[in-house]
>>> print(open('start-v8.cif').read())   # mmCIF, C-alpha atoms
data_protein
loop_
_atom_site.group_PDB
_atom_site.id
_atom_site.type_symbol
_atom_site.label_atom_id
_atom_site.label_comp_id
_atom_site.auth_asym_id
_atom_site.auth_seq_id
_atom_site.Cartn_x
_atom_site.Cartn_y
_atom_site.Cartn_z
ATOM 1 C CA MET A 1 -21.206 76.428 -19.806
ATOM 2 C CA PRO A 2 -20.130 76.636 -23.479
ATOM 3 C CA ARG A 3 -17.942 79.518 -24.525
ATOM 4 C CA THR A 4 -19.472 82.330 -26.478
ATOM 5 C CA SER A 5 -18.194 82.857 -29.992
ATOM 6 C CA ARG A 6 -15.798 85.706 -30.597
ATOM 7 C CA LYS A 7 -17.178 88.732 -32.390
ATOM 8 C CA GLN A 8 -15.882 88.910 -35.925
ATOM 9 C CA SER A 9 -14.509 92.080 -37.461
ATOM 10 C CA GLU A 10 -15.611 93.277 -40.886
ATOM 11 C CA SER A 11 -12.555 95.539 -41.022
ATOM 12 C CA GLY A 12 -10.353 92.626 -39.975
ATOM 13 C CA ILE A 13 -8.833 94.670 -37.124
ATOM 14 C CA PHE A 14 -8.943 93.543 -33.487
ATOM 15 C CA HIS A 15 -7.977 94.910 -30.106
ATOM 16 C CA VAL A 16 -6.410 91.970 -28.264
ATOM 17 C CA MET A 17 -5.654 91.718 -24.553
ATOM 18 C CA MET A 18 -3.774 88.855 -22.909
ATOM 19 C CA ARG A 19 -2.924 88.580 -19.233
ATOM 20 C CA GLY A 20 -1.046 86.237 -16.933
ATOM 21 C CA ILE A 21 -2.915 83.381 -15.323
ATOM 22 C CA ASP A 22 -4.228 84.424 -11.887
ATOM 23 C CA ARG A 23 -2.885 87.911 -12.721
ATOM 24 C CA GLN A 24 0.664 86.588 -12.589
ATOM 25 C CA VAL A 25 3.388 88.921 -13.806
ATOM 26 C CA ILE A 26 4.473 87.882 -17.305
ATOM 27 C CA PHE A 27 7.106 90.579 -17.882
ATOM 28 C CA HIS A 28 9.501 90.906 -14.935
ATOM 29 C CA ASP A 29 12.319 92.760 -16.650
ATOM 30 C CA ASP A 30 13.515 94.263 -19.909
ATOM 31 C CA GLU A 31 14.783 90.901 -21.180
ATOM 32 C CA ASP A 32 11.288 89.422 -20.889
ATOM 33 C CA CYS A 33 9.732 92.294 -22.849
ATOM 34 C CA GLU A 34 12.403 92.130 -25.521
ATOM 35 C CA LYS A 35 11.999 88.366 -25.920
ATOM 36 C CA TYR A 36 8.215 88.634 -26.382
ATOM 37 C CA LEU A 37 8.634 91.349 -29.008
ATOM 38 C CA GLN A 38 11.295 89.275 -30.734
ATOM 39 C CA TYR A 39 8.821 86.402 -31.072
ATOM 40 C CA LEU A 40 6.127 88.813 -32.201
ATOM 41 C CA TRP A 41 8.483 90.000 -34.948
ATOM 42 C CA GLU A 42 9.489 86.463 -35.968
ATOM 43 C CA CYS A 43 5.888 85.275 -36.143
ATOM 44 C CA GLN A 44 4.872 88.332 -38.152
ATOM 45 C CA LYS A 45 7.143 87.105 -40.946
ATOM 46 C CA ASP A 46 5.385 83.705 -40.935
ATOM 47 C CA ALA A 47 1.775 84.743 -40.337
ATOM 48 C CA PHE A 48 1.833 88.026 -42.321
ATOM 49 C CA TYR A 49 -0.328 90.012 -39.920
ATOM 50 C CA THR A 50 -0.413 93.796 -39.674
ATOM 51 C CA LEU A 51 0.301 95.263 -36.258
ATOM 52 C CA TYR A 52 -0.853 98.819 -35.535
ATOM 53 C CA ALA A 53 0.114 99.093 -31.851
ATOM 54 C CA PHE A 54 1.460 97.114 -28.918
ATOM 55 C CA CYS A 55 1.985 97.788 -25.226
ATOM 56 C CA LEU A 56 3.508 95.334 -22.731
ATOM 57 C CA MET A 57 2.529 95.862 -19.100
ATOM 58 C CA GLY A 58 3.604 93.857 -16.046
ATOM 59 C CA ASN A 59 0.870 91.245 -16.029
ATOM 60 C CA HIS A 60 -0.826 91.826 -19.382
ATOM 61 C CA LEU A 61 -0.357 93.114 -22.918
ATOM 62 C CA HIS A 62 -2.340 94.898 -25.617
ATOM 63 C CA LEU A 63 -2.186 94.478 -29.386
ATOM 64 C CA LEU A 64 -4.017 96.322 -32.149
ATOM 65 C CA ILE A 65 -3.760 93.819 -34.970
ATOM 66 C CA ARG A 66 -5.138 92.747 -38.343
ATOM 67 C CA PRO A 67 -4.688 89.022 -39.127
ATOM 68 C CA GLN A 68 -4.045 88.076 -42.752
ATOM 69 C CA THR A 69 -2.994 84.509 -43.545
ATOM 70 C CA GLU A 70 -3.836 83.012 -40.129
ATOM 71 C CA PRO A 71 -6.791 83.405 -37.737
ATOM 72 C CA LEU A 72 -6.315 85.613 -34.698
ATOM 73 C CA ALA A 73 -6.313 82.672 -32.281
ATOM 74 C CA ALA A 74 -3.569 80.920 -34.248
ATOM 75 C CA ILE A 75 -1.389 84.042 -34.179
ATOM 76 C CA CYS A 76 -1.787 84.502 -30.417
ATOM 77 C CA LYS A 77 -1.006 80.825 -29.872
ATOM 78 C CA ARG A 78 2.007 80.914 -32.185
ATOM 79 C CA VAL A 79 3.604 83.828 -30.323
ATOM 80 C CA GLY A 80 2.470 82.684 -26.883
ATOM 81 C CA VAL A 81 3.824 79.130 -27.135
ATOM 82 C CA ARG A 82 7.299 80.374 -28.026
ATOM 83 C CA TYR A 83 7.341 82.924 -25.225
ATOM 84 C CA VAL A 84 6.004 80.539 -22.556
ATOM 85 C CA ARG A 85 8.575 77.899 -23.485
ATOM 86 C CA TRP A 86 11.382 80.469 -23.081
ATOM 87 C CA TYR A 87 9.856 82.027 -19.921
ATOM 88 C CA ASN A 88 9.422 78.666 -18.177
ATOM 89 C CA LYS A 89 13.029 77.744 -18.876
ATOM 90 C CA LYS A 90 14.320 81.105 -17.605
ATOM 91 C CA TYR A 91 12.315 81.018 -14.388
ATOM 92 C CA ALA A 92 12.528 77.227 -13.834
ATOM 93 C CA ARG A 93 8.770 76.743 -13.867
ATOM 94 C CA THR A 94 6.233 74.587 -15.684
ATOM 95 C CA GLY A 95 2.655 74.952 -16.838
ATOM 96 C CA HIS A 96 0.534 77.699 -18.297
ATOM 97 C CA LEU A 97 1.533 81.347 -18.138
ATOM 98 C CA PHE A 98 -1.267 83.162 -19.949
ATOM 99 C CA GLN A 99 -4.911 83.141 -18.957
ATOM 100 C CA ASP A 100 -6.603 80.430 -20.996
ATOM 101 C CA ARG A 101 -8.601 82.627 -23.328
ATOM 102 C CA PHE A 102 -7.411 86.013 -24.531
ATOM 103 C CA LYS A 103 -9.891 88.875 -24.859
ATOM 104 C CA SER A 104 -10.586 90.506 -28.193
ATOM 105 C CA GLU A 105 -12.974 93.006 -29.723
ATOM 106 C CA PRO A 106 -13.520 94.110 -33.338
ATOM 107 C CA VAL A 107 -12.417 97.605 -34.358
ATOM 108 C CA GLU A 108 -14.755 98.556 -37.179
ATOM 109 C CA ASP A 109 -14.253 102.255 -37.923
ATOM 110 C CA ASP A 110 -11.619 104.978 -37.875
ATOM 111 C CA ALA A 111 -13.010 106.732 -34.814
ATOM 112 C CA TYR A 112 -12.898 103.581 -32.728
ATOM 113 C CA PHE A 113 -9.465 102.685 -34.113
ATOM 114 C CA LEU A 114 -8.130 105.975 -32.751
ATOM 115 C CA SER A 115 -9.977 105.587 -29.466
ATOM 116 C CA VAL A 116 -8.546 102.109 -28.864
ATOM 117 C CA LEU A 117 -5.053 103.163 -29.907
ATOM 118 C CA ARG A 118 -5.110 106.060 -27.445
ATOM 119 C CA TYR A 119 -6.402 103.732 -24.726
ATOM 120 C CA ILE A 120 -3.550 101.273 -25.390
ATOM 121 C CA TYR A 121 -0.883 103.979 -25.335
ATOM 122 C CA GLN A 122 -2.309 105.621 -22.208
ATOM 123 C CA ASN A 123 -2.177 102.334 -20.248
ATOM 124 C CA PRO A 124 1.256 102.920 -18.675
ATOM 125 C CA VAL A 125 0.412 106.587 -18.006
ATOM 126 C CA LYS A 126 -2.801 105.631 -16.211
ATOM 127 C CA ALA A 127 -0.863 103.017 -14.246
ATOM 128 C CA GLY A 128 1.552 105.728 -13.054
ATOM 129 C CA LEU A 129 4.558 104.255 -14.868
ATOM 130 C CA CYS A 130 5.363 107.358 -16.930
ATOM 131 C CA LYS A 131 4.217 110.915 -17.603
ATOM 132 C CA THR A 132 3.547 110.564 -21.350
ATOM 133 C CA PRO A 133 2.913 107.576 -23.662
ATOM 134 C CA GLU A 134 6.137 108.271 -25.555
ATOM 135 C CA GLU A 135 8.220 107.724 -22.398
ATOM 136 C CA TYR A 136 7.148 104.120 -21.826
ATOM 137 C CA PRO A 137 9.872 101.879 -23.332
ATOM 138 C CA TRP A 138 7.734 98.796 -24.067
ATOM 139 C CA SER A 139 5.115 100.434 -26.235
ATOM 140 C CA SER A 140 5.218 101.042 -29.975
ATOM 141 C CA CYS A 141 4.560 104.688 -29.128
ATOM 142 C CA CYS A 142 8.117 105.038 -27.780
ATOM 143 C CA PRO A 143 10.468 106.298 -30.524
ATOM 144 C CA SER A 144 13.470 104.593 -28.895
ATOM 145 C CA CYS A 145 11.824 101.158 -28.659
ATOM 146 C CA ALA A 146 13.862 98.820 -30.867
ATOM 147 C CA TYR A 147 10.705 97.067 -32.015
ATOM 148 C CA CYS A 148 8.501 100.062 -32.856
ATOM 149 C CA GLY A 149 9.231 99.179 -36.497
ATOM 150 C CA LEU A 150 6.888 96.220 -36.043
ATOM 151 C CA VAL A 151 3.890 98.517 -36.415
ATOM 152 C CA ASP A 152 2.342 99.952 -39.554
ATOM 153 C CA THR A 153 1.868 103.684 -38.940
ATOM 154 C CA GLU A 154 0.493 104.543 -42.376
ATOM 155 C CA ARG A 155 -3.152 104.176 -41.333
ATOM 156 C CA LEU A 156 -2.572 106.137 -38.135
ATOM 157 C CA TYR A 157 -0.872 109.072 -39.838
ATOM 158 C CA GLU A 158 -3.662 109.221 -42.411
ATOM 159 C CA LEU A 159 -6.066 109.816 -39.517
ATOM 160 C CA VAL A 160 -3.837 111.947 -37.280
ATOM 161 C CA PRO A 161 -0.836 113.836 -38.731
ATOM 162 C CA GLN A 162 2.401 112.762 -37.068
ATOM 163 C CA GLN A 163 3.077 116.238 -35.682
ATOM 164 C CA GLU A 164 -0.318 116.208 -33.937
ATOM 165 C CA LEU A 165 -0.055 112.709 -32.457
ATOM 166 C CA SER A 166 1.363 113.663 -29.046
ATOM 167 C CA ALA A 167 -1.433 116.157 -28.427
ATOM 168 C CA PHE A 168 -4.019 113.606 -29.530
ATOM 169 C CA LEU A 169 -2.668 110.901 -27.213
ATOM 170 C CA ALA A 170 -2.624 113.327 -24.283
ATOM 171 C CA GLN A 171 -6.379 113.934 -24.530
ATOM 172 C CA ASP A 172 -8.261 112.491 -21.578
ATOM 173 C CA ALA A 173 -11.117 111.075 -23.608
ATOM 174 C CA PRO A 174 -13.253 108.128 -22.423
ATOM 175 C CA CYS A 175 -12.900 104.798 -24.204
ATOM 176 C CA LEU A 176 -15.606 102.150 -24.022
ATOM 177 C CA CYS A 177 -13.346 99.309 -25.143
ATOM 178 C CA ILE A 178 -13.135 96.125 -23.131
ATOM 179 C CA ASP A 179 -10.753 96.231 -20.188
ATOM 180 C CA ILE A 180 -8.295 93.663 -18.886
ATOM 181 C CA ASP A 181 -10.257 93.227 -15.636
ATOM 182 C CA ARG A 182 -14.007 92.912 -15.485
ATOM 183 C CA ASP A 183 -14.426 90.342 -12.692
ATOM 184 C CA GLY A 184 -14.886 92.513 -9.624
ATOM 185 C CA ARG A 185 -11.387 93.874 -9.085
ATOM 186 C CA LEU A 186 -10.117 97.169 -10.407
ATOM 187 C CA SER A 187 -7.801 97.151 -13.393
ATOM 188 C CA ASP A 188 -4.419 98.848 -12.932
ATOM 189 C CA ARG A 189 -5.721 101.800 -14.941
ATOM 190 C CA GLU A 190 -8.788 102.181 -12.719
ATOM 191 C CA ALA A 191 -6.788 101.650 -9.519
ATOM 192 C CA ALA A 192 -4.168 104.246 -10.546
ATOM 193 C CA GLU A 193 -6.929 106.744 -11.284
ATOM 194 C CA ARG A 194 -8.480 106.054 -7.883
ATOM 195 C CA ILE A 195 -5.145 106.526 -6.087
ATOM 196 C CA CYS A 196 -4.531 109.832 -7.865
ATOM 197 C CA GLN A 197 -8.050 111.087 -7.218
ATOM 198 C CA MET A 198 -8.124 110.092 -3.552
ATOM 199 C CA CYS A 199 -4.640 111.349 -2.712
ATOM 200 C CA HIS A 200 -4.643 114.376 -5.054
ATOM 201 C CA LEU A 201 -1.635 113.155 -7.045
ATOM 202 C CA ALA A 202 -0.546 113.659 -10.643
ATOM 203 C CA VAL A 203 0.680 110.053 -10.972
ATOM 204 C CA SER A 204 0.205 107.106 -8.624
ATOM 205 C CA THR A 205 3.952 106.675 -7.973
ATOM 206 C CA ASP A 206 3.925 110.071 -6.225
ATOM 207 C CA PHE A 207 2.228 108.243 -3.333
ATOM 208 C CA ARG A 208 5.692 107.642 -1.809
ATOM 209 C CA ARG A 209 6.157 111.408 -1.425
ATOM 210 C CA LEU A 210 3.183 111.707 0.909
ATOM 211 C CA ASP A 211 3.716 111.994 4.648
ATOM 212 C CA LYS A 212 4.236 108.428 5.882
ATOM 213 C CA GLY A 213 1.703 109.025 8.610
ATOM 214 C CA MET A 214 -0.969 109.264 5.914
ATOM 215 C CA TRP A 215 -0.060 106.017 4.147
ATOM 216 C CA GLY A 216 -2.015 103.642 6.373
ATOM 217 C CA GLY A 217 -5.341 105.435 6.098
ATOM 218 C CA TYR A 218 -5.138 105.820 2.350
ATOM 219 C CA LEU A 219 -4.003 102.229 1.795
ATOM 220 C CA HIS A 220 -6.795 100.854 3.967
ATOM 221 C CA GLU A 221 -9.408 102.848 2.068
ATOM 222 C CA LEU A 222 -7.937 101.793 -1.292
ATOM 223 C CA GLN A 223 -7.990 98.157 -0.233
ATOM 224 C CA GLN A 224 -11.661 98.549 0.711
ATOM 225 C CA LYS A 225 -12.269 99.825 -2.821
ATOM 226 C CA ARG A 226 -10.988 96.522 -4.297
ATOM 227 C CA CYS A 227 -7.304 97.381 -4.811
ATOM 228 C CA SER A 228 -5.142 94.358 -3.936
ATOM 229 C CA ILE A 229 -1.903 94.664 -1.959
ATOM 230 C CA ARG A 230 0.157 93.517 -4.938
ATOM 231 C CA GLN A 231 -1.593 96.039 -7.155
ATOM 232 C CA LEU A 232 -0.988 98.827 -4.658
ATOM 233 C CA ALA A 233 2.703 97.899 -4.522
ATOM 234 C CA ARG A 234 2.897 97.903 -8.304
ATOM 235 C CA LEU A 235 1.255 101.307 -8.656
ATOM 236 C CA THR A 236 2.620 103.225 -5.652
ATOM 237 C CA GLY A 237 6.211 101.984 -5.710
ATOM 238 C CA LEU A 238 5.978 100.818 -2.092
ATOM 239 C CA THR A 239 7.022 97.274 -1.273
ATOM 240 C CA LYS A 240 4.481 94.634 -0.351
ATOM 241 C CA ALA A 241 6.020 94.508 3.145
ATOM 242 C CA GLN A 242 5.664 98.281 3.579
ATOM 243 C CA ILE A 243 1.996 98.141 2.611
ATOM 244 C CA GLU A 244 1.248 95.191 4.882
ATOM 245 C CA ARG A 245 3.008 96.948 7.787
ATOM 246 C CA CYS A 246 1.005 100.139 7.181
ATOM 247 C CA LEU A 247 -2.274 98.204 7.135
ATOM 248 C CA LEU A 248 -1.418 96.403 10.374
ATOM 249 C CA THR A 249 -0.355 99.524 12.289
ATOM 250 C CA ARG A 250 -2.902 102.056 11.051
#
>>> encode(input="start-v8.cif", output="structure tokens")
Amino acid sequence: MPRTSRKQSESGIFHVMMRGIDRQVIFHDDEDCEKYLQYLWECQKDAFYTLYAFCLMGNHLHLLIRPQTEPLAAICKRVGVRYVRWYNKKYARTGHLFQDRFKSEPVEDDAYFLSVLRYIYQNPVKAGLCKTPEEYPWSSCCPSCAYCGLVDTERLYELVPQQELSAFLAQDAPCLCIDIDRDGRLSDREAAERICQMCHLAVSTDFRRLDKGMWGGYLHELQQKRCSIRQLARLTGLTKAQIERCLLTR
């Protein structure tokens, strides 16, 4: 079946999502994240694109970007090829790392720009990795991130004053933007929300504080609701072995 054409953006701005092939982790540690952002910075000098936001998660990443001298696909390839070459050498592997075709959607107006930006910055919060967007170290929202200077904040601060940004990002408003997973399984964001709702938790990593006798029942029910074991380990902080043991002995 032929591929459908990508939607073009009259504003020139796109929300881009890239994930690891077969949901493989693409950022194992801080060095991996730093190396990807280094290549993003280097390629920005060559391709002259404007970056409004970025967020690197374990097995995927988000960019809010406006291409200038190169098409979007060329930019993603330029950065991706450099990172994959370095990643494969570090981890002694060969072959593809990213899913063949990245996802993208046009961002045509200010309201949607803000909605997508909040969605991107809330990703690690929804996944239970931090309490606020500013705490996550591999997002341009984090003031201490060495690469937050990659992003152009002028447009953002025209729409939301800097002193009001934290309150804006904390709003639990729905976003209809495309998600990283739409093939039957829950995304990390959806799975984290389900864990918190089912177990009455503030963040998914609080799962470890529950009585251990309750783990098996909850984990079984979450697995029935399309949460994978690896995903549950990622979001709850339990090890894969702990989860498998709970499921076998429940």
>>> residues_around(input="start-v8.cif", residues="His60 of chain A", least_positions_apart="6", cutoff="10 Å", atoms="all atoms listed in the file", output="PyMOL selection string")
chain A and resi 17-21+23-27+98-99+180
>>> closest_residue(input="start-v8.cif", among="A:Asp30, A:Glu158, A:Leu150, A:Phe207", to="Asp110 of chain A", atoms="all atoms listed in the file")
A:Glu158
>>> resolve_selection(input="start-v8.cif", expression="the PyMOL selection byres ((chain A and resi 35) around 12)", output="list in words")
Ile26, Phe27, His28, Asp29, Asp30, Glu31, Asp32, Cys33, Glu34, Tyr36, Leu37, Gln38, Tyr39, Leu40, Trp41, Glu42, Leu56, Val79, Gly80, Arg82, Tyr83, Val84, Arg85, Trp86, Tyr87, Lys90, Trp138, Ala146 and Tyr147 of chain A
>>> closest_residue(input="start-v8.cif", among="A:Thr236, A:Gln242, A:Ser11, A:Ser139", to="Asn123 of chain A", atoms="all atoms listed in the file")
A:Ser139
>>> atom_distance(input="start-v8.cif", atom1="atom CA of Leu248 of chain A", atom2="atom CA of Gly216 of chain A")
8.3 Å
>>> axis_aligned_box(input="start-v8.cif", around="segment 103-117 of chain A", padding_each_side="5 Å", output="AutoDock Vina command-line options")
--center_x -9.9 --center_y 97.8 --center_z -31.4 --size_x 19.7 --size_y 27.9 --size_z 23.1
>>> resolve_selection(input="start-v8.cif", expression="the PyMOL selection byres ((chain A and resi 107) around 10)", output="list in words")
Gln8, Ser9, Glu10, Ser11, Gly12, Ile13, Phe14, His15, Leu64, Ile65, Arg66, Ser104, Glu105, Pro106, Glu108, Asp109, Asp110, Ala111, Tyr112, Phe113, Leu114, Ser115, Val116 and Cys177 of chain A
>>> closest_residue(input="start-v8.cif", among="A:Val160, A:Val125, A:Val16, A:Cys199", to="His62 of chain A", atoms="all atoms listed in the file")
A:Val16
>>> decode(input="start-v8.cif", residues="segment 106-207 of chain A", atoms="C-alpha atoms", output="mmCIF file, in the first residue's frame")
data_model
loop_
_atom_site.group_PDB
_atom_site.id
_atom_site.type_symbol
_atom_site.label_atom_id
_atom_site.label_comp_id
_atom_site.auth_asym_id
_atom_site.auth_seq_id
_atom_site.Cartn_x
_atom_site.Cartn_y
_atom_site.Cartn_z
ATOM 1 C CA PRO A 106 1.086 20.786 11.028
ATOM 2 C CA VAL A 107 0.645 23.414 13.744
ATOM 3 C CA GLU A 108 -1.331 26.181 12.080
ATOM 4 C CA ASP A 109 -2.438 28.621 14.783
ATOM 5 C CA ASP A 110 -1.380 30.049 18.129
ATOM 6 C CA ALA A 111 -3.932 28.098 20.145
ATOM 7 C CA TYR A 112 -2.773 24.781 18.749
ATOM 8 C CA PHE A 113 0.877 25.808 19.110
ATOM 9 C CA LEU A 114 0.311 26.262 22.844
ATOM 10 C CA SER A 115 -1.707 23.068 23.122
ATOM 11 C CA VAL A 116 1.014 20.989 21.454
ATOM 12 C CA LEU A 117 3.772 22.644 23.469
ATOM 13 C CA ARG A 118 1.974 21.851 26.723
ATOM 14 C CA TYR A 119 1.421 18.273 25.554
ATOM 15 C CA ILE A 120 5.145 17.886 24.776
ATOM 16 C CA TYR A 121 6.238 19.303 28.128
ATOM 17 C CA GLN A 122 3.695 17.238 30.072
ATOM 18 C CA ASN A 123 4.955 13.968 28.527
ATOM 19 C CA PRO A 124 7.411 13.100 31.324
ATOM 20 C CA VAL A 125 4.892 14.193 33.982
ATOM 21 C CA LYS A 126 2.202 11.944 32.512
ATOM 22 C CA ALA A 127 4.734 9.113 32.347
ATOM 23 C CA GLY A 128 5.403 9.516 36.087
ATOM 24 C CA LEU A 129 9.018 10.617 35.616
ATOM 25 C CA CYS A 130 8.678 13.952 37.429
ATOM 26 C CA LYS A 131 6.183 16.150 39.262
ATOM 27 C CA THR A 132 6.418 19.228 37.007
ATOM 28 C CA PRO A 133 7.628 19.798 33.417
ATOM 29 C CA GLU A 134 10.464 22.010 34.652
ATOM 30 C CA GLU A 135 11.974 19.122 36.648
ATOM 31 C CA TYR A 136 12.571 16.839 33.665
ATOM 32 C CA PRO A 137 16.233 17.286 32.615
ATOM 33 C CA TRP A 138 15.892 16.324 28.931
ATOM 34 C CA SER A 139 13.244 18.824 27.941
ATOM 35 C CA SER A 140 13.719 22.402 26.785
ATOM 36 C CA CYS A 141 11.341 23.341 29.598
ATOM 37 C CA CYS A 142 14.052 22.567 32.175
ATOM 38 C CA PRO A 143 16.019 25.735 33.038
ATOM 39 C CA SER A 144 19.127 23.703 33.922
ATOM 40 C CA CYS A 145 19.205 21.755 30.641
ATOM 41 C CA ALA A 146 22.436 22.725 28.875
ATOM 42 C CA TYR A 147 20.674 22.686 25.520
ATOM 43 C CA CYS A 148 17.540 24.692 26.345
ATOM 44 C CA GLY A 149 19.221 27.520 24.410
ATOM 45 C CA LEU A 150 18.435 25.559 21.249
ATOM 46 C CA VAL A 151 14.840 26.769 21.373
ATOM 47 C CA ASP A 152 13.392 30.099 20.314
ATOM 48 C CA THR A 153 11.177 31.295 23.176
ATOM 49 C CA GLU A 154 10.193 34.625 21.633
ATOM 50 C CA ARG A 155 6.991 33.286 20.064
ATOM 51 C CA LEU A 156 6.043 31.447 23.247
ATOM 52 C CA TYR A 157 6.498 34.449 25.523
ATOM 53 C CA GLU A 158 4.448 36.587 23.147
ATOM 54 C CA LEU A 159 1.567 34.164 23.726
ATOM 55 C CA VAL A 160 2.153 33.362 27.404
ATOM 56 C CA PRO A 161 4.175 35.737 29.629
ATOM 57 C CA GLN A 162 7.196 33.990 31.119
ATOM 58 C CA GLN A 163 5.965 34.466 34.685
ATOM 59 C CA GLU A 164 2.705 32.688 33.803
ATOM 60 C CA LEU A 165 4.260 29.748 31.948
ATOM 61 C CA SER A 166 4.464 27.303 34.869
ATOM 62 C CA ALA A 167 0.781 27.751 35.680
ATOM 63 C CA PHE A 168 -0.127 27.332 32.018
ATOM 64 C CA LEU A 169 1.871 24.109 31.657
ATOM 65 C CA ALA A 170 0.292 22.690 34.814
ATOM 66 C CA GLN A 171 -3.220 22.936 33.354
ATOM 67 C CA ASP A 172 -4.731 19.532 32.671
ATOM 68 C CA ALA A 173 -6.226 20.448 29.323
ATOM 69 C CA PRO A 174 -6.964 17.864 26.597
ATOM 70 C CA CYS A 175 -4.831 17.875 23.460
ATOM 71 C CA LEU A 176 -6.027 16.275 20.239
ATOM 72 C CA CYS A 177 -2.567 16.067 18.684
ATOM 73 C CA ILE A 178 -1.294 12.807 17.278
ATOM 74 C CA ASP A 179 0.220 10.436 19.815
ATOM 75 C CA ILE A 180 3.302 8.244 19.640
ATOM 76 C CA ASP A 181 1.212 5.049 19.812
ATOM 77 C CA ARG A 182 -1.949 4.511 17.835
ATOM 78 C CA ASP A 183 -1.642 0.813 16.936
ATOM 79 C CA GLY A 184 -3.570 -0.884 19.719
ATOM 80 C CA ARG A 185 -1.226 -0.472 22.671
ATOM 81 C CA LEU A 186 -1.377 2.336 25.182
ATOM 82 C CA SER A 187 1.181 5.108 24.956
ATOM 83 C CA ASP A 188 3.285 5.739 28.071
ATOM 84 C CA ARG A 189 1.164 8.813 28.778
ATOM 85 C CA GLU A 190 -2.081 6.832 28.577
ATOM 86 C CA ALA A 191 -0.657 3.908 30.564
ATOM 87 C CA ALA A 192 0.635 6.220 33.329
ATOM 88 C CA GLU A 193 -2.779 7.863 33.556
ATOM 89 C CA ARG A 194 -4.422 4.443 33.801
ATOM 90 C CA ILE A 195 -2.039 3.319 36.563
ATOM 91 C CA CYS A 196 -2.688 6.489 38.564
ATOM 92 C CA GLN A 197 -6.445 6.274 38.104
ATOM 93 C CA MET A 198 -6.706 2.579 38.949
ATOM 94 C CA CYS A 199 -4.381 2.676 41.950
ATOM 95 C CA HIS A 200 -5.342 6.166 43.191
ATOM 96 C CA LEU A 201 -1.809 7.542 42.832
ATOM 97 C CA ALA A 202 -0.451 11.014 42.137
ATOM 98 C CA VAL A 203 2.313 9.678 39.858
ATOM 99 C CA SER A 204 2.820 6.187 38.450
ATOM 100 C CA THR A 205 6.174 5.669 40.219
ATOM 101 C CA ASP A 206 4.301 5.741 43.548
ATOM 102 C CA PHE A 207 3.137 2.220 42.638
#
